[in-house]
>>> print(open('data.cif').read())   # mmCIF, C-alpha atoms
data_structure
loop_
_atom_site.label_atom_id
_atom_site.label_comp_id
_atom_site.auth_asym_id
_atom_site.auth_seq_id
_atom_site.Cartn_x
_atom_site.Cartn_y
_atom_site.Cartn_z
CA MET P 785 -3.19 -10.29 -45.44
CA LYS P 786 -0.33 -8.03 -44.41
CA ARG P 787 -2.34 -6.73 -41.43
CA ILE P 788 -3.12 -10.28 -40.31
CA LEU P 789 0.58 -11.19 -40.50
CA ILE P 790 1.58 -8.15 -38.42
CA TYR P 791 -1.07 -8.98 -35.80
CA SER P 792 0.12 -12.60 -35.63
CA LEU P 793 3.72 -11.50 -35.20
CA ALA P 794 2.71 -9.15 -32.36
CA ILE P 795 0.95 -11.99 -30.56
CA CYS P 796 3.94 -14.27 -31.00
CA SER P 797 6.35 -11.63 -29.72
CA PHE P 798 4.19 -11.23 -26.61
CA TYR P 799 4.36 -14.90 -25.69
CA PHE P 800 7.80 -15.71 -27.07
CA SER P 801 9.76 -12.60 -26.10
CA PHE P 802 13.39 -13.44 -25.46
CA GLY P 803 12.72 -16.97 -26.75
CA GLN P 804 10.33 -17.86 -23.93
CA SER P 805 6.91 -19.36 -24.37
CA LYS P 806 4.00 -18.51 -22.12
CA GLU P 807 4.52 -21.82 -20.32
CA ASP P 808 8.19 -20.98 -19.71
CA VAL P 809 7.26 -17.58 -18.29
CA LEU P 810 4.63 -19.11 -15.98
CA THR P 811 7.14 -21.73 -14.80
CA ASN P 812 9.63 -18.95 -14.00
CA ILE P 813 6.98 -16.99 -12.08
CA LYS P 814 6.03 -20.03 -10.01
CA ASP P 815 9.72 -20.71 -9.27
CA GLN P 816 10.15 -17.09 -8.17
CA MET P 817 7.07 -17.34 -5.93
CA GLU P 818 8.50 -20.47 -4.32
CA ILE P 819 11.76 -18.66 -3.62
CA ILE P 820 9.89 -15.72 -2.07
CA ASP P 821 7.79 -18.03 0.11
CA GLY P 822 11.00 -19.75 1.22
CA TYR P 823 12.53 -16.60 2.73
CA ILE P 824 12.69 -16.80 6.53
CA GLU P 825 14.22 -13.43 7.45
CA PHE P 826 11.75 -10.94 6.06
CA GLU P 827 11.77 -7.42 7.44
CA THR P 828 8.08 -6.58 7.81
CA PHE P 829 6.67 -3.08 7.45
CA TYR P 830 3.07 -2.08 8.14
CA LEU P 831 0.77 0.59 6.82
CA ASP P 832 -2.04 1.74 9.08
CA PRO P 833 -5.49 1.92 7.43
CA GLU P 834 -5.29 5.72 7.26
CA GLU P 835 -2.04 5.41 5.33
CA PHE P 836 -3.38 3.29 2.46
CA LEU P 837 -7.17 3.76 2.47
CA ASP P 838 -9.02 6.86 1.29
CA LYS P 839 -12.06 5.82 3.35
CA MET P 840 -12.21 3.48 6.33
CA ALA P 841 -13.34 -0.14 5.95
CA ASP P 842 -16.40 -1.38 7.84
CA HIS P 843 -14.47 -3.82 10.01
CA GLY P 844 -10.86 -2.72 9.70
CA ALA P 845 -7.99 -3.20 7.29
CA GLU P 846 -4.38 -4.38 7.36
CA LEU P 847 -1.46 -4.09 4.95
CA GLU P 848 2.00 -5.61 5.41
CA GLY P 849 5.06 -5.38 3.19
CA TYR P 850 7.78 -8.03 3.34
CA TYR P 851 11.33 -6.97 2.51
CA GLU P 852 14.31 -9.19 1.82
CA HIS P 853 17.75 -7.74 0.93
CA GLU P 854 16.29 -4.21 1.00
CA ARG P 855 13.69 -4.97 -1.70
CA LEU P 856 9.97 -5.52 -1.45
CA LYS P 857 9.03 -9.12 -2.21
CA LYS P 858 5.43 -9.46 -1.07
CA ILE P 859 2.42 -7.45 0.11
CA LYS P 860 -0.39 -8.97 2.14
CA ARG P 861 -3.58 -6.91 2.36
CA LYS P 862 -6.84 -7.57 4.22
CA VAL P 863 -9.87 -5.29 3.98
CA SER P 864 -12.94 -6.27 6.00
CA THR P 865 -16.18 -5.08 4.43
CA ARG P 866 -19.71 -5.27 5.80
CA SER P 867 -20.16 -8.84 4.53
CA ALA P 868 -16.72 -10.32 3.84
CA SER P 869 -12.97 -10.16 4.22
CA ILE P 870 -11.15 -9.33 0.99
CA MET P 871 -7.66 -10.81 1.11
CA THR P 872 -5.01 -10.08 -1.52
CA ASP P 873 -1.38 -11.18 -1.83
CA PHE P 874 0.97 -9.40 -4.26
CA TYR P 875 4.35 -10.92 -5.27
CA PHE P 876 7.24 -8.89 -6.71
CA TRP P 877 10.42 -9.90 -8.49
CA ASN P 878 13.04 -7.28 -9.36
CA ASP P 879 10.50 -4.61 -8.31
CA GLN P 880 7.95 -5.90 -10.86
CA LEU P 881 4.56 -7.40 -10.01
CA ILE P 882 4.53 -11.08 -11.01
CA TYR P 883 1.53 -12.62 -9.22
CA VAL P 884 -1.67 -11.69 -7.37
CA ASN P 885 -3.89 -13.98 -5.32
CA TYR P 886 -7.30 -12.40 -4.62
CA LYS P 887 -9.94 -13.91 -2.32
CA GLN P 888 -13.46 -12.95 -1.26
CA ARG P 889 -14.22 -14.60 2.10
CA PRO P 890 -17.77 -13.99 3.40
CA TYR P 891 -18.32 -14.22 7.15
CA LEU P 892 -20.01 -17.26 8.63
CA ASN P 893 -23.28 -17.02 10.52
CA THR P 894 -23.50 -17.67 14.23
CA THR P 895 -26.22 -17.51 16.89
CA ASN P 896 -25.94 -14.88 19.63
CA GLU P 897 -27.18 -15.11 23.20
CA SER P 898 -30.63 -13.93 22.13
CA GLY P 899 -30.94 -16.72 19.60
CA GLN P 900 -30.57 -14.38 16.63
CA LYS P 901 -28.55 -15.22 13.53
CA VAL P 902 -25.65 -12.76 13.19
CA LEU P 903 -22.37 -12.62 11.27
CA ASP P 904 -19.25 -13.90 13.02
CA TYR P 905 -16.51 -11.54 11.84
CA SER P 906 -13.80 -13.86 13.17
CA ARG P 907 -14.78 -16.74 10.87
CA SER P 908 -15.03 -16.79 7.09
CA PHE P 909 -14.67 -19.09 4.08
CA THR P 910 -13.34 -18.60 0.56
CA LYS P 911 -16.24 -18.24 -1.86
CA TYR P 912 -14.30 -16.71 -4.74
CA GLU P 913 -10.60 -16.78 -5.61
CA SER P 914 -8.67 -15.50 -8.60
CA LYS P 915 -5.01 -15.97 -9.45
CA HIS P 916 -3.28 -13.55 -11.81
CA TYR P 917 0.16 -13.91 -13.43
CA PHE P 918 2.03 -10.90 -14.81
CA ASN P 919 5.03 -10.38 -17.07
CA ASN P 920 6.44 -6.89 -17.75
CA GLY P 921 3.25 -5.27 -16.48
CA ASP P 922 0.90 -7.40 -18.60
CA GLU P 923 -1.42 -10.10 -17.31
CA ILE P 924 -0.52 -13.33 -19.13
CA ASP P 925 -2.73 -15.82 -17.31
CA LYS P 926 -5.66 -15.96 -14.92
CA GLU P 927 -7.41 -18.70 -12.94
CA THR P 928 -10.69 -18.35 -11.04
CA ILE P 929 -12.44 -20.58 -8.53
CA GLY P 930 -16.04 -20.09 -7.38
CA SER P 931 -18.36 -17.13 -7.93
CA PRO P 932 -17.85 -13.53 -6.68
CA LEU P 933 -20.19 -12.03 -4.12
CA SER P 934 -23.11 -10.05 -5.48
CA ASP P 935 -22.29 -7.00 -3.33
CA VAL P 936 -18.50 -6.99 -3.84
CA SER P 937 -17.10 -6.36 -7.32
CA PRO P 938 -13.87 -8.29 -7.99
CA GLU P 939 -10.82 -6.10 -8.43
CA THR P 940 -9.22 -5.96 -11.86
CA ASP P 941 -6.59 -3.19 -12.04
CA PHE P 942 -3.97 -4.93 -9.93
CA VAL P 943 -0.83 -3.50 -11.53
CA GLU P 944 -1.65 0.16 -10.85
CA TYR P 945 -2.82 -0.59 -7.31
CA ALA P 946 0.20 -2.79 -6.51
CA ASN P 947 2.61 -0.11 -7.72
CA LYS P 948 0.81 2.50 -5.62
CA MET P 949 1.04 0.36 -2.47
CA LYS P 950 4.67 -0.47 -3.24
CA ALA P 951 5.46 3.24 -3.48
CA LEU P 952 3.84 3.88 -0.08
CA LEU P 953 5.71 1.01 1.55
CA ASP P 954 9.04 1.87 -0.09
CA ASN P 955 8.70 5.47 1.08
CA LYS P 956 8.19 4.32 4.66
CA PHE P 957 10.86 1.60 4.48
CA TYR P 958 13.68 3.60 2.91
CA ASN P 959 12.98 6.65 5.12
CA LYS P 960 12.32 4.67 8.30
CA ASP P 961 14.87 6.57 10.40
CA THR P 962 13.39 9.95 9.45
CA TYR P 963 9.82 8.78 10.07
CA GLU P 964 10.83 7.32 13.43
CA ALA P 965 12.32 10.67 14.44
CA LEU P 966 9.17 12.52 13.31
CA GLN P 967 6.75 10.47 15.37
CA GLY P 968 4.96 12.32 18.16
CA LYS P 969 3.66 15.79 18.97
CA TRP P 970 5.47 18.98 17.97
CA LEU P 971 4.55 22.48 19.23
CA PHE P 972 4.88 25.40 16.84
CA VAL P 973 7.44 27.65 18.59
CA GLN P 974 5.94 30.95 17.33
CA ASN P 975 2.46 30.00 18.58
CA THR P 976 2.21 27.14 21.05
CA ASP P 977 -1.55 26.81 20.50
CA ASP P 978 -0.68 25.35 17.10
CA TYR P 979 0.93 21.94 16.83
CA ILE P 980 1.36 18.92 14.58
CA ILE P 981 1.28 15.20 15.32
CA PHE P 982 2.94 12.52 13.20
CA GLU P 983 1.49 9.00 13.33
CA GLY P 984 3.12 6.67 10.83
CA THR P 985 3.19 8.62 7.59
CA ILE P 986 0.16 10.76 8.49
CA ARG P 987 0.50 14.38 9.63
CA PHE P 988 -2.32 15.84 11.76
CA ASN P 989 -2.53 19.66 11.97
CA PHE P 990 -4.03 21.49 14.95
CA TYR P 991 -4.69 25.25 15.01
CA ASN P 992 -5.62 27.10 18.22
CA GLY P 993 -5.70 23.72 19.94
CA LYS P 994 -8.34 22.30 17.58
CA PHE P 995 -7.99 19.65 14.89
CA ALA P 996 -7.76 21.22 11.43
CA ASN P 997 -6.90 18.50 8.93
CA ARG P 998 -4.82 15.42 8.17
CA LEU P 999 -2.34 14.97 5.36
CA LYS P 1000 -0.53 12.01 3.94
CA THR P 1001 3.23 12.42 3.60
CA LYS P 1002 6.17 11.11 1.69
CA ILE P 1003 9.85 11.94 1.95
CA ASP P 1004 11.81 12.72 -1.19
CA GLU P 1005 15.54 13.36 -0.75
CA GLY P 1006 15.19 15.39 2.43
CA VAL P 1007 11.94 17.06 1.39
CA LEU P 1008 8.74 16.38 3.34
CA VAL P 1009 5.85 16.29 0.86
CA CYS P 1010 2.40 16.71 2.47
CA PHE P 1011 -0.80 16.18 0.49
CA PHE P 1012 -4.52 15.67 0.91
CA PRO P 1013 -5.75 12.17 0.01
CA MET P 1014 -8.66 13.24 -2.20
CA ASP P 1015 -7.34 16.27 -4.12
CA ASP P 1016 -4.24 17.68 -5.81
CA ARG P 1017 -3.12 20.10 -3.11
CA MET P 1018 0.50 19.45 -2.15
CA TYR P 1019 2.97 21.17 0.18
CA ARG P 1020 6.73 20.68 0.09
CA TYR P 1021 9.05 21.41 3.02
CA LYS P 1022 12.78 21.02 3.21
CA ILE P 1023 13.71 19.26 6.47
CA GLU P 1024 16.27 21.80 7.63
CA ASN P 1025 16.78 20.19 11.04
CA LEU P 1026 15.41 17.13 12.82
CA ASP P 1027 16.62 15.82 16.16
CA ALA P 1028 15.14 14.59 19.42
CA ASN P 1029 13.98 18.11 20.40
CA VAL P 1030 13.64 20.37 17.38
CA LEU P 1031 12.09 20.11 13.92
CA THR P 1032 12.72 22.91 11.42
CA LEU P 1033 10.89 22.96 8.10
CA VAL P 1034 11.31 25.43 5.24
CA ASP P 1035 8.37 25.91 2.88
CA LEU P 1036 9.85 25.52 -0.60
CA PHE P 1037 7.14 27.74 -2.13
CA SER P 1038 7.27 30.73 0.25
CA ASN P 1039 10.73 30.07 1.76
CA GLU P 1040 9.10 30.59 5.19
CA GLU P 1041 10.70 28.77 8.12
CA PHE P 1042 8.68 26.82 10.71
CA MET P 1043 10.25 25.63 13.96
CA TYR P 1044 8.68 23.02 16.24
CA ALA P 1045 9.63 21.64 19.65
CA LYS P 1046 9.02 17.97 20.52
CA VAL P 1047 6.69 17.65 23.55
CA GLU P 1048 5.42 14.05 23.30
CA GLN P 1049 6.85 10.92 21.74
#
>>> encode(input="data.cif", output="structure tokens")
Amino acid sequence: MKRILIYSLAICSFYFSFGQSKEDVLTNIKDQMEIIDGYIEFETFYLDPEEFLDKMADHGAELEGYYEHERLKKIKRKVSTRSASIMTDFYFWNDQLIYVNYKQRPYLNTTNESGQKVLDYSRSFTKYESKHYFNNGDEIDKETIGSPLSDVSPETDFVEYANKMKALLDNKFYNKDTYEALQGKWLFVQNTDDYIIFEGTIRFNFYNGKFANRLKTKIDEGVLVCFFPMDDRMYRYKIENLDANVLTLVDLFSNEEFMYAKVEQ
């Protein structure tokens, strides 16, 4: 009996924390969403597919972050698979995920010049939609419409993914001046056959004039962190100097200094 009482109290505390019922929390979330959708002066930041995908989508991908008063309010993501566009909107309030709208939109058929039935990647319809409401990192309600596609599994772990995308966008947004200065091609001064290219938050390394690898980057208090998308290798460089002509990095592991000269914007 005691265990049942404890369990019941835990459930009640979940829904009635701070004196709020589940209905009150949902009403607050919907009010917050309405406020977010009412903003008209968003500052929009983009992530290229290489910046947020570990492998490329069949027909492209897009991700946009919408900032108001220096804080992320919404993420819009579109990933185009072989058979459908997967569209997801994430809403944030006080840096916490509050709502996700997820849609599977298969492409419509069309007839080409040869009379064959083919997919029209510019036209689609919503076959499956799910709406998820979150409070303090927990999903408190869910609504679904339609049936998911047989070849596309609906996403479920929205909180972890949303926080990961938020971290990528925040890194680019709050370090926008540094990333803007980094963009372009830099020749290694000690050996001009070696060079690096920054595109967005991606660093491309070239040795002896040939492509070697690509690394994702983030900037942490003046330190450029470079890492491979699919493993744990990570390199940390203090940005000793960065201007229109010269980039100087110091490897924080070996203390070795690397100097680069800007040759292309």
>>> closest_atom_pairs(input="data.cif", of="stretch 811-845 of chain P", to="stretch 930-952 of chain P", cutoff="9 Å", atoms="all atoms listed in the file", output="Markdown table")
| residue | atom | partner | partner_atom | distance |
| --- | --- | --- | --- | --- |
| P:Leu831 | CA | P:Leu952 | CA | 8.2 |
| P:Glu835 | CA | P:Leu952 | CA | 8.1 |
| P:Phe836 | CA | P:Met949 | CA | 7.2 |
>>> closest_residue(input="data.cif", among="P:Tyr1044, P:Tyr979, P:Phe909, P:Tyr1021", to="P:Ile870", atoms="only C-alpha atoms")
P:Phe909
>>> atom_distance(input="data.cif", atom1="atom CA of P:Gln1049", atom2="atom CA of P:Val973")
17.0 Å
>>> atom_distance(input="data.cif", atom1="atom CA of P:Ala1045", atom2="atom CA of P:Lys969")
8.4 Å
>>> atom_distance(input="data.cif", atom1="atom CA of P:Phe1012", atom2="atom CA of P:Arg987")
10.1 Å
>>> closest_residue(input="data.cif", among="P:Val884, P:Leu810, P:Leu1031, P:Ile824", to="P:Ile980", atoms="only C-alpha atoms")
P:Leu1031
>>> residues_around(input="data.cif", residues="P:Leu903", least_positions_apart="3", cutoff="9 Å", atoms="all atoms listed in the file", output="PDB file with C-alpha atoms, keeping the file's coordinate frame")
ATOM      1  CA  SER P 867     -20.160  -8.840   4.530  1.00  0.00           C
ATOM      2  CA  TYR P 891     -18.320 -14.220   7.150  1.00  0.00           C
ATOM      3  CA  LEU P 892     -20.010 -17.260   8.630  1.00  0.00           C
ATOM      4  CA  ASN P 893     -23.280 -17.020  10.520  1.00  0.00           C
ATOM      5  CA  THR P 894     -23.500 -17.670  14.230  1.00  0.00           C
ATOM      6  CA  THR P 895     -26.220 -17.510  16.890  1.00  0.00           C
ATOM      7  CA  SER P 906     -13.800 -13.860  13.170  1.00  0.00           C
ATOM      8  CA  ARG P 907     -14.780 -16.740  10.870  1.00  0.00           C
TER       9      ARG P 907
END
>>> residues_around(input="data.cif", residues="P:Lys1022", least_positions_apart="2", cutoff="8 Å", atoms="all atoms listed in the file", output="VMD selection string")
chain P and resid 1006 to 1008 1020 1024 1033 to 1036
>>> resolve_selection(input="data.cif", expression="the PyMOL selection byres ((chain P and resi 929) around 8)", output="ChimeraX atom specification")
/P:912-914,927-928,930-931
>>> closest_residue(input="data.cif", among="P:Leu953, P:Ile820, P:Val863, P:Ile882", to="P:Ile924", atoms="only C-alpha atoms")
P:Ile882
